[in-house]
Amino acid sequence: MADTTTRTVFPRPDLPLTLTETGPRDGRVALVLHGGSGPATVAAVAAHLATERHMRVFLPTHPGWDGTERPDWFTGVDDLALAHLHWLRDEGHRDVLVVGSSIGGWAAAEMAFRDDGEVIGCLVLINSVGVAVPGEPVRDIFALTPNELAAYAFHDPARQAVDPATLTAERIAARRADMETVRLLAGDPYMHDPELLNRLGRVRTPALVLWGESDRIVTPAYGRALAAALPHARFEAVPEAGHLPHLERPAATFAALDAYLDALSGDRAKTD
């Protein structure tokens, strides 16, 4: 396996994008998109794809997260989606597996809608936001205390608890800055593109919609509606997991992911 490296690409001259790359350079390309809590939350997904699936994995830090530069014009998830789609096109990547968690799933769905069929080969949306589902609003995370957020986001909040006394002032400030970026990109309209649910009917990319069934930020009913909007999607629930199933139940999450990718490879082999 190749060493992990970090580099900066420029989808636009005024838009630096930080990419961490790992896995064999001759492997199929995977792009793993993080949610509001930053790239650390999906590092396990990237590691699994690189080590167990032997993929060449890119894990970006979205502009504005972890202290990275965000241009003033960069104010929406559509900007995020286009940034990732453009650099993939610029480097000539094809048949890319795009995995997105939460807001990263929203960006992945926006990418798939805008793709011309040449870049993205498969989508995996993990407890994604991004669409408006009647009767299933996304919970307002900005109105919650840290303890309330954990209670809604995790199946077992006690196991995910972080002692505030262990957090440095710098880490607290960084977390607040990340949340302000979330608010800027996804706060109005809150956590969705009003047109996206209907637009997803144009997406021909195969998709796995993977959902922690204890999530009370975005419910499983929301996830099923998202999957139903995608013509070639499969919905899979992960028991005893919330908004980040890959952290709470990694074995079950990766088993579902691997089974889907293996089945998809088998289907492709039959048609070749």
# chains A, B, ... in the order shown; residues from 1 in each chain; ligands from 1
$ residues_around --residues "A:Phe254" --least-positions-apart "3" --cutoff "10 Å" --atoms "only C-alpha atoms" --output "compact mmCIF listing (two decimals) with C-alpha atoms, in the first residue's frame"
# COMPACT_ATOMS: atom_id res chain seq x y z
CA ALA A 44 -12.29 4.89 9.44
CA VAL A 45 -14.28 4.67 6.20
CA HIS A 48 -11.37 0.45 5.36
CA LEU A 49 -11.63 1.19 1.64
CA GLU A 52 -9.73 -3.98 2.83
CA VAL A 238 -27.54 -0.59 10.57
CA PRO A 245 -22.94 4.17 12.06
CA HIS A 246 -19.36 3.71 10.88
CA ARG A 249 -21.04 -0.11 14.60
CA PRO A 250 -18.08 -0.27 12.20
CA ALA A 251 -18.20 -4.03 11.66
CA LEU A 257 -20.83 -1.72 2.41
CA ASP A 258 -18.66 -4.63 1.30
CA ALA A 259 -21.64 -6.83 0.46
CA TYR A 260 -23.10 -4.07 -1.70
$ select_by_dssp --residues "stretch 8-119 of chain A" --states "strand (DSSP E)" --output "ChimeraX atom specification"
/A:8-12,15-22,29-33,56-61,96-101
$ closest_residue --among "A:Leu33, A:Met191, A:Ala241, A:Ala256" --to "A:Val131" --atoms "only C-alpha atoms"
A:Met191
$ closest_residue --among "A:Leu226, A:Val133, A:Ile172, A:Ala177" --to "A:Pro146" --atoms "only C-alpha atoms"
A:Ile172
$ select_by_dssp --residues "stretch 13-229 of chain A" --states "alpha helix (DSSP H)" --output "PyMOL selection string"
chain A and resi 43-51+77-90+103-114+146-153+157-160+169-186+196-199+220-229
$ write_last_selection --atoms "C-alpha atoms" --output "tab-separated table (two decimals), in the first residue's frame"
chain	number	residue	atom	x	y	z
A	43	ALA	CA	-11.23	8.45	8.59
A	44	ALA	CA	-12.29	4.89	9.44
A	45	VAL	CA	-14.28	4.67	6.20
A	46	ALA	CA	-11.26	5.82	4.19
A	47	ALA	CA	-9.00	3.33	6.00
A	48	HIS	CA	-11.37	0.45	5.36
A	49	LEU	CA	-11.63	1.19	1.64
A	50	ALA	CA	-7.85	1.51	1.33
A	51	THR	CA	-6.85	-1.55	3.35
A	77	VAL	CA	-23.21	22.75	-0.61
A	78	ASP	CA	-23.57	23.11	-4.39
A	79	ASP	CA	-20.22	24.96	-4.36
A	80	LEU	CA	-18.77	22.02	-2.43
A	81	ALA	CA	-20.19	19.49	-4.87
A	82	LEU	CA	-18.87	21.33	-7.90
A	83	ALA	CA	-15.42	21.74	-6.35
A	84	HIS	CA	-15.07	17.99	-5.90
A	85	LEU	CA	-16.56	17.13	-9.27
A	86	HIS	CA	-14.27	19.59	-11.05
A	87	TRP	CA	-11.00	18.32	-9.58
A	88	LEU	CA	-12.00	14.71	-10.32
A	89	ARG	CA	-12.64	15.72	-13.93
A	90	ASP	CA	-9.43	17.75	-14.10
A	103	ILE	CA	-23.55	16.90	4.70
A	104	GLY	CA	-20.96	14.96	2.73
A	105	GLY	CA	-23.79	12.74	1.50
A	106	TRP	CA	-25.69	15.81	0.40
A	107	ALA	CA	-22.63	16.95	-1.58
A	108	ALA	CA	-22.30	13.47	-3.09
A	109	ALA	CA	-25.94	13.51	-4.24
A	110	GLU	CA	-25.48	16.97	-5.76
A	111	MET	CA	-22.38	15.67	-7.57
A	112	ALA	CA	-24.28	12.71	-8.99
A	113	PHE	CA	-27.06	14.94	-10.30
A	114	ARG	CA	-24.48	17.15	-12.04
A	146	PRO	CA	-23.79	19.15	23.18
A	147	ASN	CA	-25.48	16.58	25.40
A	148	GLU	CA	-28.76	16.89	23.49
A	149	LEU	CA	-26.95	16.56	20.18
A	150	ALA	CA	-25.26	13.36	21.35
A	151	ALA	CA	-28.59	11.97	22.57
A	152	TYR	CA	-30.20	12.49	19.18
A	153	ALA	CA	-27.18	11.47	17.11
A	157	PRO	CA	-24.55	8.46	23.75
A	158	ALA	CA	-22.69	7.41	26.91
A	159	ARG	CA	-20.12	5.48	24.89
A	160	GLN	CA	-19.48	8.49	22.64
A	169	ALA	CA	-9.39	26.10	24.18
A	170	GLU	CA	-7.99	25.70	20.68
A	171	ARG	CA	-10.10	22.61	20.01
A	172	ILE	CA	-13.24	24.31	21.31
A	173	ALA	CA	-12.59	27.33	19.09
A	174	ALA	CA	-11.94	25.09	16.09
A	175	ARG	CA	-15.19	23.21	16.68
A	176	ARG	CA	-17.13	26.48	16.87
A	177	ALA	CA	-15.53	27.66	13.63
A	178	ASP	CA	-16.50	24.40	11.91
A	179	MET	CA	-20.10	24.80	13.08
A	180	GLU	CA	-20.21	28.35	11.72
A	181	THR	CA	-19.11	26.95	8.36
A	182	VAL	CA	-21.91	24.37	8.58
A	183	ARG	CA	-24.37	27.18	9.31
A	184	LEU	CA	-23.12	29.22	6.36
A	185	LEU	CA	-23.25	26.37	3.83
A	186	ALA	CA	-26.34	24.51	5.06
A	196	LEU	CA	-32.90	18.09	-4.93
A	197	LEU	CA	-35.38	15.32	-4.03
A	198	ASN	CA	-37.16	15.67	-7.39
A	199	ARG	CA	-33.90	16.07	-9.29
A	220	PRO	CA	-34.66	6.10	8.87
A	221	ALA	CA	-37.95	7.19	7.26
A	222	TYR	CA	-36.07	10.15	5.80
A	223	GLY	CA	-33.40	7.76	4.52
A	224	ARG	CA	-35.95	5.48	2.90
A	225	ALA	CA	-37.50	8.47	1.11
A	226	LEU	CA	-34.05	9.49	-0.11
A	227	ALA	CA	-33.41	5.99	-1.42
A	228	ALA	CA	-36.82	5.89	-3.11
A	229	ALA	CA	-35.97	9.08	-5.00
$ closest_residue --among "A:Gly27, A:Pro11, A:Gly212, A:Pro206" --to "A:Val124" --atoms "only C-alpha atoms"
A:Pro206
$ atom_distance --atom1 "atom CA of A:Thr20" --atom2 "atom CA of A:Thr8"
8.8 Å
$ atom_distance --atom1 "atom CA of A:Leu230" --atom2 "atom CA of A:His54"
27.5 Å
$ closest_residue --among "A:Thr61, A:Thr22, A:Thr205, A:Thr6" --to "A:Glu118" --atoms "only C-alpha atoms"
A:Thr205
$ atom_distance --atom1 "atom CA of A:Arg28" --atom2 "atom CA of A:Arg204"
19.8 Å
